[in-house]
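The file model-v8.cif comes next; it holds mmCIF, N, CA and C atoms.
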data_upload
#
loop_
_atom_site.label_atom_id
_atom_site.label_comp_id
_atom_site.auth_asym_id
_atom_site.auth_seq_id
_atom_site.Cartn_x
_atom_site.Cartn_y
_atom_site.Cartn_z
N MET A 1 2.70 2.49 50.53
CA MET A 1 2.27 3.51 49.60
C MET A 1 1.96 2.89 48.23
N GLN A 2 0.92 3.38 47.61
CA GLN A 2 0.53 2.83 46.31
C GLN A 2 1.39 3.40 45.20
N ASP A 3 1.84 2.51 44.32
CA ASP A 3 2.65 2.93 43.18
C ASP A 3 1.72 3.15 41.99
N ASP A 4 1.43 4.42 41.68
CA ASP A 4 0.51 4.75 40.59
C ASP A 4 1.30 4.89 39.30
N ASP A 5 0.90 4.12 38.29
CA ASP A 5 1.59 4.13 37.00
C ASP A 5 0.59 4.48 35.91
N HIS A 6 -0.10 5.58 36.09
CA HIS A 6 -1.20 5.96 35.20
C HIS A 6 -0.66 6.47 33.87
N GLY A 7 -0.97 5.76 32.79
CA GLY A 7 -0.65 6.23 31.45
C GLY A 7 0.78 6.07 31.00
N HIS A 8 1.57 5.28 31.69
CA HIS A 8 2.97 5.12 31.32
C HIS A 8 3.21 3.77 30.65
N SER A 9 2.37 3.44 29.69
CA SER A 9 2.56 2.18 28.98
C SER A 9 2.36 2.41 27.50
N ARG A 10 2.91 1.53 26.72
CA ARG A 10 2.76 1.60 25.28
C ARG A 10 1.30 1.46 24.88
N VAL A 11 0.56 0.62 25.58
CA VAL A 11 -0.85 0.42 25.28
C VAL A 11 -1.64 1.72 25.48
N ALA A 12 -1.34 2.44 26.55
CA ALA A 12 -2.04 3.71 26.80
C ALA A 12 -1.76 4.71 25.69
N TRP A 13 -0.53 4.82 25.28
CA TRP A 13 -0.18 5.78 24.23
C TRP A 13 -0.79 5.40 22.89
N ILE A 14 -0.83 4.13 22.56
CA ILE A 14 -1.45 3.69 21.30
C ILE A 14 -2.94 3.96 21.33
N GLY A 15 -3.59 3.65 22.45
CA GLY A 15 -5.03 3.90 22.57
C GLY A 15 -5.36 5.38 22.43
N VAL A 16 -4.58 6.22 23.08
CA VAL A 16 -4.82 7.66 23.00
C VAL A 16 -4.57 8.17 21.57
N ALA A 17 -3.55 7.67 20.91
CA ALA A 17 -3.25 8.10 19.54
C ALA A 17 -4.38 7.72 18.58
N VAL A 18 -4.90 6.50 18.71
CA VAL A 18 -6.00 6.06 17.84
C VAL A 18 -7.23 6.92 18.09
N MET A 19 -7.53 7.18 19.36
CA MET A 19 -8.70 7.99 19.68
C MET A 19 -8.53 9.44 19.25
N LEU A 20 -7.32 9.98 19.34
CA LEU A 20 -7.07 11.35 18.92
C LEU A 20 -7.26 11.51 17.42
N VAL A 21 -6.73 10.59 16.64
CA VAL A 21 -6.91 10.64 15.19
C VAL A 21 -8.39 10.48 14.84
N SER A 22 -9.10 9.64 15.56
CA SER A 22 -10.52 9.45 15.32
C SER A 22 -11.32 10.71 15.63
N VAL A 23 -10.98 11.39 16.71
CA VAL A 23 -11.67 12.64 17.05
C VAL A 23 -11.38 13.70 15.99
N LEU A 24 -10.16 13.77 15.51
CA LEU A 24 -9.84 14.74 14.46
C LEU A 24 -10.64 14.45 13.19
N ALA A 25 -10.76 13.19 12.81
CA ALA A 25 -11.55 12.83 11.62
C ALA A 25 -13.02 13.18 11.83
N GLY A 26 -13.55 12.88 13.01
CA GLY A 26 -14.94 13.20 13.30
C GLY A 26 -15.21 14.70 13.30
N CYS A 27 -14.30 15.47 13.86
CA CYS A 27 -14.46 16.93 13.87
C CYS A 27 -14.40 17.50 12.46
N TYR A 28 -13.52 16.98 11.65
CA TYR A 28 -13.44 17.42 10.26
C TYR A 28 -14.75 17.11 9.54
N GLY A 29 -15.30 15.94 9.81
CA GLY A 29 -16.56 15.56 9.20
C GLY A 29 -17.71 16.45 9.63
N VAL A 30 -17.72 16.87 10.89
CA VAL A 30 -18.79 17.75 11.38
C VAL A 30 -18.67 19.14 10.77
N VAL A 31 -17.46 19.68 10.72
CA VAL A 31 -17.27 21.05 10.27
C VAL A 31 -17.39 21.18 8.76
N PHE A 32 -16.77 20.29 8.02
CA PHE A 32 -16.69 20.45 6.57
C PHE A 32 -17.67 19.58 5.79
N GLY A 33 -18.46 18.77 6.45
CA GLY A 33 -19.58 18.15 5.79
C GLY A 33 -19.53 16.70 5.37
N PRO A 34 -18.39 16.08 5.11
CA PRO A 34 -18.47 14.66 4.75
C PRO A 34 -18.96 13.84 5.95
N GLY A 35 -20.25 13.56 5.98
CA GLY A 35 -20.85 12.88 7.13
C GLY A 35 -20.24 11.53 7.44
N VAL A 36 -19.72 10.88 6.41
CA VAL A 36 -19.12 9.56 6.64
C VAL A 36 -17.90 9.67 7.57
N LEU A 37 -17.21 10.80 7.54
CA LEU A 37 -16.05 10.97 8.44
C LEU A 37 -16.48 11.04 9.90
N LEU A 38 -17.66 11.58 10.15
CA LEU A 38 -18.17 11.60 11.52
C LEU A 38 -18.34 10.18 12.04
N TRP A 39 -18.94 9.33 11.23
CA TRP A 39 -19.17 7.94 11.66
C TRP A 39 -17.87 7.16 11.74
N ILE A 40 -16.94 7.43 10.84
CA ILE A 40 -15.62 6.80 10.92
C ILE A 40 -14.92 7.22 12.20
N GLY A 41 -15.02 8.50 12.53
CA GLY A 41 -14.41 9.00 13.76
C GLY A 41 -15.01 8.36 15.00
N LEU A 42 -16.33 8.26 15.04
CA LEU A 42 -16.99 7.64 16.19
C LEU A 42 -16.62 6.16 16.32
N ALA A 43 -16.61 5.46 15.20
CA ALA A 43 -16.25 4.04 15.23
C ALA A 43 -14.78 3.86 15.62
N GLY A 44 -13.91 4.72 15.08
CA GLY A 44 -12.49 4.64 15.43
C GLY A 44 -12.25 4.90 16.90
N PHE A 45 -13.00 5.84 17.47
CA PHE A 45 -12.86 6.14 18.89
C PHE A 45 -13.26 4.93 19.72
N ALA A 46 -14.37 4.29 19.34
CA ALA A 46 -14.81 3.09 20.08
C ALA A 46 -13.79 1.97 19.95
N VAL A 47 -13.24 1.79 18.76
CA VAL A 47 -12.22 0.75 18.56
C VAL A 47 -10.98 1.04 19.42
N GLY A 48 -10.56 2.31 19.45
CA GLY A 48 -9.40 2.67 20.26
C GLY A 48 -9.63 2.43 21.75
N ALA A 49 -10.80 2.80 22.23
CA ALA A 49 -11.11 2.62 23.66
C ALA A 49 -11.22 1.14 24.02
N LEU A 50 -11.94 0.38 23.21
CA LEU A 50 -12.09 -1.05 23.49
C LEU A 50 -10.77 -1.81 23.32
N GLY A 51 -9.99 -1.42 22.31
CA GLY A 51 -8.69 -2.06 22.12
C GLY A 51 -7.75 -1.78 23.28
N TRP A 52 -7.77 -0.56 23.77
CA TRP A 52 -6.95 -0.17 24.92
C TRP A 52 -7.32 -1.02 26.12
N TYR A 53 -8.62 -1.12 26.38
CA TYR A 53 -9.10 -1.90 27.52
C TYR A 53 -8.72 -3.38 27.37
N ALA A 54 -8.95 -3.92 26.18
CA ALA A 54 -8.67 -5.34 25.95
C ALA A 54 -7.18 -5.65 26.09
N LEU A 55 -6.34 -4.80 25.53
CA LEU A 55 -4.89 -5.03 25.64
C LEU A 55 -4.40 -4.88 27.07
N ALA A 56 -4.95 -3.93 27.79
CA ALA A 56 -4.56 -3.76 29.19
C ALA A 56 -4.99 -4.97 30.02
N ARG A 57 -6.19 -5.48 29.77
CA ARG A 57 -6.65 -6.67 30.49
C ARG A 57 -5.85 -7.91 30.11
N ALA A 58 -5.32 -7.94 28.89
CA ALA A 58 -4.53 -9.09 28.43
C ALA A 58 -3.12 -9.06 29.01
N GLY A 59 -2.76 -7.97 29.68
CA GLY A 59 -1.46 -7.89 30.32
C GLY A 59 -0.38 -7.27 29.46
N VAL A 60 -0.75 -6.56 28.41
CA VAL A 60 0.23 -5.94 27.54
C VAL A 60 0.67 -4.58 28.09
N GLY A 61 -0.07 -4.05 29.07
CA GLY A 61 0.21 -2.73 29.61
C GLY A 61 1.45 -2.67 30.48
N SER A 62 1.46 -1.75 31.39
CA SER A 62 2.61 -1.54 32.26
C SER A 62 2.73 -2.64 33.30
N GLU A 63 3.79 -2.59 34.06
CA GLU A 63 4.04 -3.60 35.10
C GLU A 63 2.93 -3.58 36.15
N ALA A 64 2.46 -2.39 36.54
CA ALA A 64 1.40 -2.30 37.55
C ALA A 64 0.12 -2.94 37.04
N THR A 65 -0.19 -2.77 35.76
CA THR A 65 -1.39 -3.37 35.17
C THR A 65 -1.27 -4.87 35.16
N ARG A 66 -0.10 -5.38 34.81
CA ARG A 66 0.09 -6.83 34.79
C ARG A 66 0.01 -7.42 36.19
N ALA A 67 0.51 -6.71 37.19
CA ALA A 67 0.44 -7.20 38.56
C ALA A 67 -1.01 -7.24 39.04
N ASP A 68 -1.80 -6.21 38.69
CA ASP A 68 -3.21 -6.20 39.07
C ASP A 68 -3.98 -7.31 38.39
N ALA A 69 -3.69 -7.59 37.14
CA ALA A 69 -4.39 -8.63 36.40
C ALA A 69 -4.07 -10.01 36.97
N SER A 70 -2.85 -10.21 37.45
CA SER A 70 -2.48 -11.52 37.96
C SER A 70 -3.13 -11.79 39.32
N ARG A 71 -3.49 -10.72 40.05
CA ARG A 71 -4.15 -10.90 41.33
C ARG A 71 -5.62 -11.24 41.18
N ALA A 72 -6.23 -10.88 40.07
CA ALA A 72 -7.69 -11.09 39.88
C ALA A 72 -8.05 -12.50 39.59
#

What does this structure look like when you write it as structure tokens?
Amino acid sequence: MQDDDHGHSRVAWIGVAVMLVSVLAGCYGVVFGPGVLLWIGLAGFAVGALGWYALARAGVGSEATRADASRA
């Protein structure tokens, strides 16, 4: 049986937190007008997603992620 460990790592929570704050900043920028906040939000979301992926590939994620990376 496969042991699924989806989202139970510090890396996953940090990535989601960065992306959530970025979405909130972008939404504020869209609704209330400071256009620069929209771009900050979009850039922050991309940084959060890419950082999450990079850290998971580097083996900082959960045990299942590290085991998968060592097999590749």

Matched chain/residue IDs from the PyMOL selection byres ((chain A and resi 41-44) around 8), as a list in words: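 In the shown coordinates, the PyMOL selection byres ((chain A and resi 41-44) around 8) covers Val18, Met19, Leu20, Val21, Ser22, Val23, Leu24, Ala25, Gly26, Cys27, Gly29, Gly35, Val36, Leu37, Leu38, Trp39, Ile40, Phe45, Ala46, Val47, Gly48, Ala49 and Leu50 of chain A.
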
Test item: residues at most 6 Å from Gly61 in chain A, only C-alpha atoms, excluding those fewer than 5 positions along its chain, as number ranges by chain: A: 9, 11, 56

Atomic distance CA of Ile14 in chain A - CA of Phe32 in chain A, expressed in Å with one decimal: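 We find that CA of Ile14 in chain A and CA of Phe32 in chain A lie 27.0 Å from each other.
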
Length of the CA of Gly51 in chain A to CA of Val16 in chain A vector [Å]: 10.5 Å

Atom-to-atom span, atom C of Ala12 in chain A and atom N of Val30 in chain A, Å: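 Distance reported for this atom pair: 24.9 Å.
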